[in-house]
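Following: one structure in structure tokens, then a few remarks.
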Amino acid sequence: MILEKYLPILRNSSFFKGLTDEEILSILHCVEATTLSKERDSYIFRAADSTEVMGLVVSGCVLVTCPTACEHHQKLIRNLVSVLANKILILNDKITHIGKRTTREKLLSYLSAESIRHSSLSFDIPFDRQQLADYLCIDRAAMSTEISKLQKEGFIKTNRNHFELTVSNDADSTMKM
């Protein structure tokens, strides 16, 4: 396979981190990977082109701003990268919360993160109860039951989408976030 010669480069790419050469080759086969060589100063895609493929530059470089590298285009690209980075952080947080085993752990993980994000024990969340349950991938009724338990146990106070984390001596010793 012609792609085998690129294995040393691919193996060091963050896209293929932790994969064996055989796994990398299997993936490349599954996605019907091909190589593409271009002349210097030629186009891979133009701005208006649409594509359903992605690429990895293994040698050379690619210019993604306009040919004159206008400052406003560079700002747009920086903004795009910033938006993507923020979305990745949000998804990473969500994975952290829904990766917990129990409804209680998911709720406490989310509420703790929101408290830190707001730098306050008292904060509003951007969800109603159904949206929160959907976000945490849990049953709304089970979540409501757990919220009631957390209130009775003195861990939280809540009114609609407003939450306040409380720290009491009793709660402090048993609360795990």
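Just so we're on the same page: first chain in the structure tokens is A, next is B, and so on; residues restart at 1 for each chain, and ligands are numbered from 1 in the order they show up.
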
Residues of stretch 43-85 of chain A within 10 Å of stretch 4-12 of chain A: nearest atom pair and distance (Å, one decimal) for each, counting only C-alpha atoms, sorted by chain and number, as a tab-separated table?
```
residue	atom	partner	partner_atom	distance
A:Leu56	CA	A:Leu10	CA	8.8
A:Val57	CA	A:Ile9	CA	9.9
A:Val58	CA	A:Ile9	CA	6.8
A:Ser59	CA	A:Ile9	CA	9.2
```

- Item | Per-residue DSSP, stretch 27-152 of chain A, filtered to helix (DSSP H, G or I), as JSON, numbers by chain | {"A": [27, 28, 29, 30, 71, 72, 73, 74, 75, 76, 77, 78, 79, 80, 81, 82, 83, 84, 85, 86, 87, 88, 89, 90, 91, 92, 93, 94, 95, 96, 97, 98, 103, 104, 105, 106, 107, 108, 109, 110, 111, 112, 113, 114, 115, 116, 117, 118, 129, 130, 131, 132, 133, 134, 135, 136, 140, 141, 142, 143, 144, 145, 146, 147, 148, 149, 150, 151, 152]}

- Message: Measuring between only C-alpha atoms, which one of A:Asn79, A:Asp21, A:Leu63, A:Leu3 shows the shortest distance to A:Thr35?
- Response: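 Among the listed residues, A:Leu3 lies closest to A:Thr35.
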
- Item | Straight-line distance linking atom CA of A:Val167 with atom CA of A:Gly99, stated in Å to one decimal | 24.7 Å

- Task: Name the residues in contact with A:Asn159 at a cut-off of 12 Å, using only C-alpha atoms, excluding same-chain residues fewer than 3 positions from it; report them as JSON, numbers by chain.
- Result: {"A": [122, 123, 124, 125, 128, 129, 147, 148, 151, 156, 162, 163, 164]}

- Message: Among stretch 4-177 of chain A, which residues does DSSP mark as strand (DSSP E or B) when it is run on the backbone? Keep the chain and numbering as in the structure and answer as a list in words.
- Response: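 Restricting stretch 4-177 of chain A to strand (DSSP E or B) produces Ser122, Phe123, Asp124, Ile156, Lys157, Thr158, Asn159, His162, Phe163, Glu164 and Leu165 of chain A.
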
Could you save the residues just selected, with N, CA and C atoms, as a compact mmCIF listing (two decimals), in the first residue's frame?
```
# COMPACT_ATOMS: atom_id res chain seq x y z
N SER A 122 -23.46 30.36 44.47
CA SER A 122 -24.82 30.68 44.03
C SER A 122 -24.78 31.08 42.56
N PHE A 123 -25.58 30.41 41.73
CA PHE A 123 -25.50 30.65 40.29
C PHE A 123 -26.77 30.17 39.60
N ASP A 124 -26.98 30.67 38.39
CA ASP A 124 -28.06 30.23 37.53
C ASP A 124 -27.47 29.32 36.46
N ILE A 156 -27.60 21.34 48.65
CA ILE A 156 -27.96 22.41 47.71
C ILE A 156 -29.26 23.07 48.14
N LYS A 157 -29.45 24.27 47.63
CA LYS A 157 -30.74 24.95 47.65
C LYS A 157 -31.02 25.28 46.19
N THR A 158 -32.27 25.15 45.80
CA THR A 158 -32.57 25.43 44.39
C THR A 158 -33.97 26.01 44.24
N ASN A 159 -34.10 26.83 43.23
CA ASN A 159 -35.39 27.37 42.81
C ASN A 159 -35.32 27.53 41.30
N HIS A 162 -31.98 28.29 39.42
CA HIS A 162 -31.01 28.88 40.34
C HIS A 162 -30.60 27.84 41.37
N PHE A 163 -29.29 27.70 41.56
CA PHE A 163 -28.76 26.74 42.51
C PHE A 163 -27.82 27.44 43.46
N GLU A 164 -27.78 26.93 44.67
CA GLU A 164 -26.82 27.39 45.65
C GLU A 164 -26.24 26.16 46.32
N LEU A 165 -24.94 26.01 46.22
CA LEU A 165 -24.27 24.91 46.90
C LEU A 165 -24.05 25.34 48.34
```

- Do you have the atom CA of A:Ser13-atom CA of A:Asn92 distance handy?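 Atom CA of A:Asn92 lies at a distance of 20.7 Å from atom CA of A:Ser13.
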
- Contacts of A:Lys152 within 12 Å, only C-alpha atoms, excl. fewer than 6 positions in-chain, as a PyMOL selection string: chain A and resi 145-146+158+166+171

Write out the residues from the selection above, keeping N, CA and C atoms, as a PDB file, in the first residue's frame.
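Contents of the output file selection07.pdb:
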```
ATOM      1  N   THR A 145     -35.753  13.551  41.652  1.00  0.00           N
ATOM      2  CA  THR A 145     -35.675  12.840  42.925  1.00  0.00           C
ATOM      3  C   THR A 145     -34.336  13.098  43.591  1.00  0.00           C
ATOM      4  N   GLU A 146     -33.276  13.043  42.818  1.00  0.00           N
ATOM      5  CA  GLU A 146     -31.929  13.253  43.367  1.00  0.00           C
ATOM      6  C   GLU A 146     -31.738  14.696  43.819  1.00  0.00           C
ATOM      7  N   THR A 158     -32.269  25.154  45.795  1.00  0.00           N
ATOM      8  CA  THR A 158     -32.570  25.427  44.395  1.00  0.00           C
ATOM      9  C   THR A 158     -33.970  26.007  44.243  1.00  0.00           C
ATOM     10  N   THR A 166     -24.394  24.470  49.254  1.00  0.00           N
ATOM     11  CA  THR A 166     -24.208  24.780  50.663  1.00  0.00           C
ATOM     12  C   THR A 166     -23.173  23.839  51.245  1.00  0.00           C
ATOM     13  N   ALA A 171     -22.632  17.762  55.635  1.00  0.00           N
ATOM     14  CA  ALA A 171     -22.549  17.564  54.193  1.00  0.00           C
ATOM     15  C   ALA A 171     -21.119  17.483  53.720  1.00  0.00           C
TER      16      ALA A 171
END
```

- Message: Measuring between only C-alpha atoms, which one of A:Leu136, A:Ala113, A:Ile2, A:Leu91 shows the shortest distance to A:His29?
- Response: A:Ile2
